[in-house]
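J.: The structure file data30.txt (compact mmCIF, C-alpha atoms) is provided below.
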```
# COMPACT_ATOMS: atom_id res chain seq x y z
CA MET A 1 -41.23 -12.68 -37.80
CA ALA A 2 -40.21 -10.15 -35.19
CA ASP A 3 -39.47 -6.63 -36.22
CA GLU A 4 -35.70 -6.50 -36.71
CA THR A 5 -35.30 -2.75 -36.69
CA ASN A 6 -32.87 -1.47 -34.11
CA THR A 7 -34.62 0.61 -31.51
CA PRO A 8 -32.05 2.77 -29.74
CA VAL A 9 -31.92 2.78 -25.96
CA ALA A 10 -33.02 6.04 -24.35
CA GLY A 11 -30.09 8.40 -23.93
CA THR A 12 -28.05 6.68 -26.64
CA GLU A 13 -30.14 7.54 -29.72
CA ASN A 14 -27.53 9.78 -31.24
CA ALA A 15 -24.44 7.89 -30.13
CA THR A 16 -23.35 7.22 -33.68
CA GLN A 17 -24.18 10.73 -34.85
CA ASN A 18 -22.78 12.67 -31.91
CA ALA A 19 -19.40 11.43 -30.69
CA GLU A 20 -19.62 13.60 -27.55
CA VAL A 21 -22.46 11.55 -26.03
CA ASP A 22 -21.38 9.61 -22.95
CA THR A 23 -21.73 5.93 -23.88
CA SER A 24 -20.12 4.61 -20.72
CA VAL A 25 -21.82 1.72 -18.96
CA LYS A 26 -22.65 3.95 -16.00
CA ALA A 27 -24.30 6.61 -18.22
CA GLN A 28 -26.32 3.95 -20.04
CA GLU A 29 -27.50 2.44 -16.73
CA GLU A 30 -28.50 5.86 -15.36
CA SER A 31 -30.44 6.67 -18.53
CA LEU A 32 -32.27 3.33 -18.47
CA LYS A 33 -33.12 3.65 -14.77
CA LYS A 34 -34.47 7.15 -15.36
CA ASN A 35 -36.62 6.06 -18.32
CA PHE A 36 -37.64 2.65 -16.96
CA PRO A 37 -38.01 2.88 -13.17
CA THR A 38 -39.51 -0.64 -12.95
CA LEU A 39 -36.45 -2.42 -14.29
CA ILE A 40 -34.86 -4.95 -11.92
CA GLY A 41 -31.36 -5.10 -13.34
CA TYR A 42 -29.17 -5.07 -16.40
CA LEU A 43 -27.52 -7.38 -18.88
CA TYR A 44 -24.49 -6.37 -20.88
CA MET A 45 -23.99 -7.09 -24.56
CA SER A 46 -20.55 -7.10 -26.08
CA ASP A 47 -20.01 -7.37 -29.82
CA PRO A 48 -16.29 -6.79 -30.39
CA ASP A 49 -16.67 -6.96 -34.16
CA ASN A 50 -19.16 -4.11 -34.38
CA THR A 51 -17.70 -0.84 -35.67
CA ASN A 52 -19.92 1.20 -33.34
CA PRO A 53 -18.13 1.38 -29.95
CA LEU A 54 -21.50 1.50 -28.18
CA TRP A 55 -22.08 -2.14 -29.10
CA HIS A 56 -18.80 -3.12 -27.44
CA HIS A 57 -20.56 -2.60 -24.07
CA TYR A 58 -24.28 -2.13 -24.66
CA VAL A 59 -26.48 -2.09 -21.55
CA MET A 60 -29.85 -3.84 -21.74
CA PRO A 61 -32.62 -3.42 -19.15
CA VAL A 62 -34.01 -6.47 -17.36
CA PHE A 63 -37.64 -6.51 -16.27
CA ASP A 64 -38.00 -10.22 -15.42
CA GLU A 65 -35.76 -12.68 -13.52
CA LYS A 66 -36.18 -15.18 -16.36
CA ALA A 67 -33.94 -12.99 -18.50
CA TYR A 68 -30.98 -14.15 -16.41
CA GLU A 69 -31.67 -17.87 -17.00
CA GLU A 70 -30.66 -18.34 -20.62
CA LEU A 71 -28.47 -15.66 -22.03
CA PRO A 72 -28.14 -15.19 -25.78
CA TRP A 73 -24.85 -14.99 -27.63
CA HIS A 74 -22.70 -11.98 -26.64
CA VAL A 75 -24.84 -11.19 -23.56
CA TYR A 76 -23.38 -11.36 -20.04
CA LYS A 77 -24.50 -10.85 -16.43
CA GLU A 78 -21.12 -9.54 -15.34
CA ARG A 79 -20.87 -5.74 -15.35
CA PRO A 80 -17.78 -4.13 -16.89
CA SER A 81 -15.59 -2.07 -14.59
CA ASP A 82 -15.99 1.71 -14.69
CA ASP A 83 -12.20 1.92 -15.10
CA LEU A 84 -12.46 0.60 -18.64
CA VAL A 85 -12.88 3.27 -21.32
CA ASP A 86 -14.09 0.96 -24.10
CA PRO A 87 -14.82 -2.42 -22.48
CA LEU A 88 -15.09 -5.62 -24.52
CA TYR A 89 -15.96 -9.05 -23.19
CA SER A 90 -13.13 -11.53 -23.77
CA VAL A 91 -14.28 -15.13 -23.91
CA GLN A 92 -10.64 -16.25 -23.72
CA LYS A 93 -10.01 -14.32 -20.51
CA GLY A 94 -13.49 -14.88 -19.13
CA GLY A 95 -14.20 -11.24 -18.38
CA TRP A 96 -14.27 -7.66 -19.51
CA ILE A 97 -11.08 -6.15 -20.92
CA GLU A 98 -10.09 -2.82 -22.41
CA ASN A 99 -10.46 -2.55 -26.19
CA ALA A 100 -6.72 -2.19 -26.74
CA HIS A 101 -7.12 -0.96 -30.31
CA ASP A 102 -9.09 2.12 -29.31
CA ALA A 103 -7.73 2.92 -25.87
CA GLN A 104 -3.96 2.60 -26.06
CA THR A 105 -3.49 6.16 -24.84
CA GLN A 106 -5.64 5.47 -21.78
CA ILE A 107 -3.75 2.27 -21.06
CA LEU A 108 -0.42 4.10 -21.39
CA ALA A 109 -1.68 6.95 -19.20
CA ALA A 110 -2.75 4.46 -16.51
CA ALA A 111 0.63 2.71 -16.73
CA GLN A 112 2.44 6.06 -16.53
CA ALA A 113 0.37 7.02 -13.47
CA LYS A 114 1.32 3.73 -11.78
CA ILE A 115 4.99 4.30 -12.63
CA GLU A 116 4.83 7.79 -11.11
CA GLU A 117 3.13 6.38 -8.02
CA LEU A 118 5.88 3.76 -7.70
CA ASP A 119 8.54 6.47 -8.11
CA LYS A 120 6.95 8.48 -5.28
CA SER A 121 6.81 5.36 -3.11
CA LYS A 122 10.46 4.67 -3.88
CA GLU A 123 11.43 8.22 -2.91
CA GLN A 124 9.53 7.87 0.37
CA LEU A 125 11.17 4.51 0.99
CA ASP A 126 14.61 5.99 0.26
CA GLN A 127 13.96 8.85 2.70
CA THR A 128 12.75 6.42 5.34
CA LEU A 129 15.79 4.19 4.81
CA LYS A 130 18.12 7.20 5.05
CA SER A 131 16.40 8.29 8.27
CA VAL A 132 16.70 4.78 9.72
CA GLN A 133 20.39 4.67 8.79
CA GLU A 134 21.00 8.06 10.42
CA ASN A 135 19.17 6.94 13.56
CA GLN A 136 21.16 3.72 13.56
CA SER A 137 24.41 5.67 13.19
CA ASN A 138 23.45 8.03 16.02
CA SER A 139 22.44 5.09 18.19
CA THR A 140 25.75 3.34 17.46
CA ALA A 141 27.69 6.51 18.37
CA GLN A 142 25.74 6.85 21.61
CA THR A 143 26.29 3.18 22.42
CA LEU A 144 30.05 3.58 21.82
CA ALA A 145 30.14 6.67 24.07
CA VAL A 146 28.27 4.85 26.83
CA THR A 147 30.56 1.81 26.43
CA ARG A 148 33.67 4.03 26.68
CA SER A 149 32.26 5.75 29.77
CA ILE A 150 31.50 2.40 31.39
CA LYS A 151 35.03 1.17 30.53
CA GLU A 152 36.60 4.31 31.98
CA LEU A 153 34.40 4.03 35.05
CA SER A 154 35.40 0.37 35.44
CA GLU A 155 39.06 1.23 35.07
CA GLY A 156 38.67 4.05 37.60
CA GLN A 157 36.89 1.67 39.97
CA ALA A 158 39.69 -0.87 39.53
CA ASN A 159 42.34 1.78 40.28
CA GLN A 160 40.35 2.92 43.30
CA ASN A 161 40.13 -0.71 44.48
CA LYS A 162 43.93 -1.02 44.08
CA VAL A 163 44.49 2.16 46.12
CA LEU A 164 42.06 0.94 48.79
CA ALA A 165 43.79 -2.45 48.87
CA SER A 166 47.17 -0.74 49.21
CA MET A 167 45.87 1.48 51.98
CA GLN A 168 44.35 -1.55 53.70
CA ASN A 169 47.66 -3.42 53.44
CA LEU A 170 49.50 -0.38 54.72
CA MET A 171 47.12 -0.04 57.65
CA LEU A 172 47.44 -3.73 58.41
CA THR A 173 51.17 -3.39 58.27
CA ILE A 174 51.09 -0.39 60.58
CA ALA A 175 48.67 -2.12 62.92
CA GLY A 176 50.78 -5.27 62.90
CA SER A 177 53.98 -3.39 63.70
CA GLN A 178 52.33 -1.65 66.64
CA LYS A 179 51.24 -4.96 68.16
CA THR A 180 54.63 -6.54 67.87
CA ALA A 181 56.51 -3.64 69.42
CA GLU A 182 56.01 -3.57 73.17
CA PRO A 183 55.48 -0.22 74.62
CA THR A 184 58.22 0.88 76.89
CA ALA A 185 57.46 2.58 80.12
CA PRO A 186 58.28 6.18 80.11
CA THR A 187 61.47 6.77 81.88
CA GLN A 188 61.43 9.14 84.73
CA PRO A 189 64.51 10.59 86.14
CA VAL A 190 65.46 8.90 89.36
CA THR A 191 66.16 11.38 92.02
CA GLY A 192 68.07 10.44 95.03
CA LYS A 193 66.74 11.02 98.39
```
Could I get this file's structure written as structure tokens?
T.:
Amino acid sequence: MADETNTPVAGTENATQNAEVDTSVKAQEESLKKNFPTLIGYLYMSDPDNTNPLWHHYVMPVFDEKAYEELPWHVYKERPSDDLVDPLYSVQKGGWIENAHDAQTQILAAAQAKIEELDKSKEQLDQTLKSVQENQSNSTAQTLAVTRSIKELSEGQANQNKVLASMQNLMLTIAGSQKTAEPTAPTQPVTGK
């Protein structure tokens, strides 16, 4: 039978003894790459029932493509996201999820950060909307002023047209009265000779 003793992965030997050791997926991958430069990839083991958080997302080195063909129980090709603090593989969801029991504060912090980001976006949107409304109000006031000016100009033009029409009628009247009245010859005093 194969030796069933657990041989710790380089860089994670003291993970259970020293809680300050970085057991993130990225740190495990870097340690493996440094210690095994000939590896060709990684597989990721997830045992959600294990009390050691390292086994929730344990990185295993791959030295042969055949390792990807038939994966044992709790071993996956898919890499967990670096955003996850304590990733677990969820068969129900078909992917890596945050271990909600251990990382509630991180989940709440991420949610709070998103809420703050949305609040900032809302403030910017409110400012933009206010600016648009002010511009619209100014534009409306300018349009009304231009409309009034055009109306006054039209009224002035109409009055000017009326005056010109009156003057034209008056001139026609004067011209017509001059044609109808025959000029009389100037009278010269008749002097007797």
J.: What are the centre and the three edge lengths of an axis-aligned box that wraps all atoms of region 38-44 of chain A in the file, given that 4 Å is added to every side, written as lines of an AutoDock Vina configuration file and rounded to one decimal in Å?
T.:
```
center_x = -32.0
center_y = -4.0
center_z = -16.4
size_x = 23.0
size_y = 14.7
size_z = 17.0
```
J.: Could you work out how far CA of Asp86 (chain A) lies from CA of Asn50 (chain A), giving the answer in Å with one decimal?
T.: 12.5 Å
J.: Between A:Ser154, A:Asn161, A:Gln28, A:Thr23, single out the one closest to Leu43 (chain A), counting only C-alpha atoms.
T.: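 Smallest separation from Leu43 (chain A) among the options: A:Gln28.
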J.: Which one is closest to Tyr89 (chain A): A:Met45, A:Ala109, A:Ala158, A:Ala145? Count all atoms listed in the file.
T.: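 Between A:Met45, A:Ala109, A:Ala158, A:Ala145, the residue approaching Tyr89 (chain A) most closely is A:Met45.
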J.: Rounded to one decimal place, report the CA of Asp49 (chain A)-CA of Tyr76 (chain A) distance in Å.
T.: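 About the pair CA of Asp49 (chain A) and CA of Tyr76 (chain A): they are 16.2 Å apart.
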J.: Take CA of Pro87 (chain A) and CA of Glu29 (chain A) and report the distance between them in Å, one decimal.
T.: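 Between CA of Pro87 (chain A) and CA of Glu29 (chain A) the gap is 14.7 Å.
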J.: Nearest residue to Arg79 (chain A) out of A:Ile150, A:Val25, A:Ala110, A:Val132, using only C-alpha atoms?
T.: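 Of A:Ile150, A:Val25, A:Ala110, A:Val132, the one nearest Arg79 (chain A), counting only C-alpha atoms, is A:Val25.
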J.: Using all atoms listed in the file, which residue out of A:Leu39, A:Tyr58, A:Thr140, A:Thr173 lies closest to Ala27 (chain A)?
T.: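 Selected residue with least distance to Ala27 (chain A): A:Tyr58.
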J.: What would the list of residues within 9 Å of (-16.7, -10.8, -24.4) (file frame) look like as a VMD selection string, if only C-alpha atoms are what count?
T.: chain A and resid 45 to 48 56 74 to 76 87 to 97
J.: I need the residue nearest Ser24 (chain A) from this list: A:Gln142, A:Asn99, A:Ser81, A:Asn159. Use all atoms listed in the file for the distance.
T.: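 The answer is A:Ser81, which sits nearest to Ser24 (chain A).
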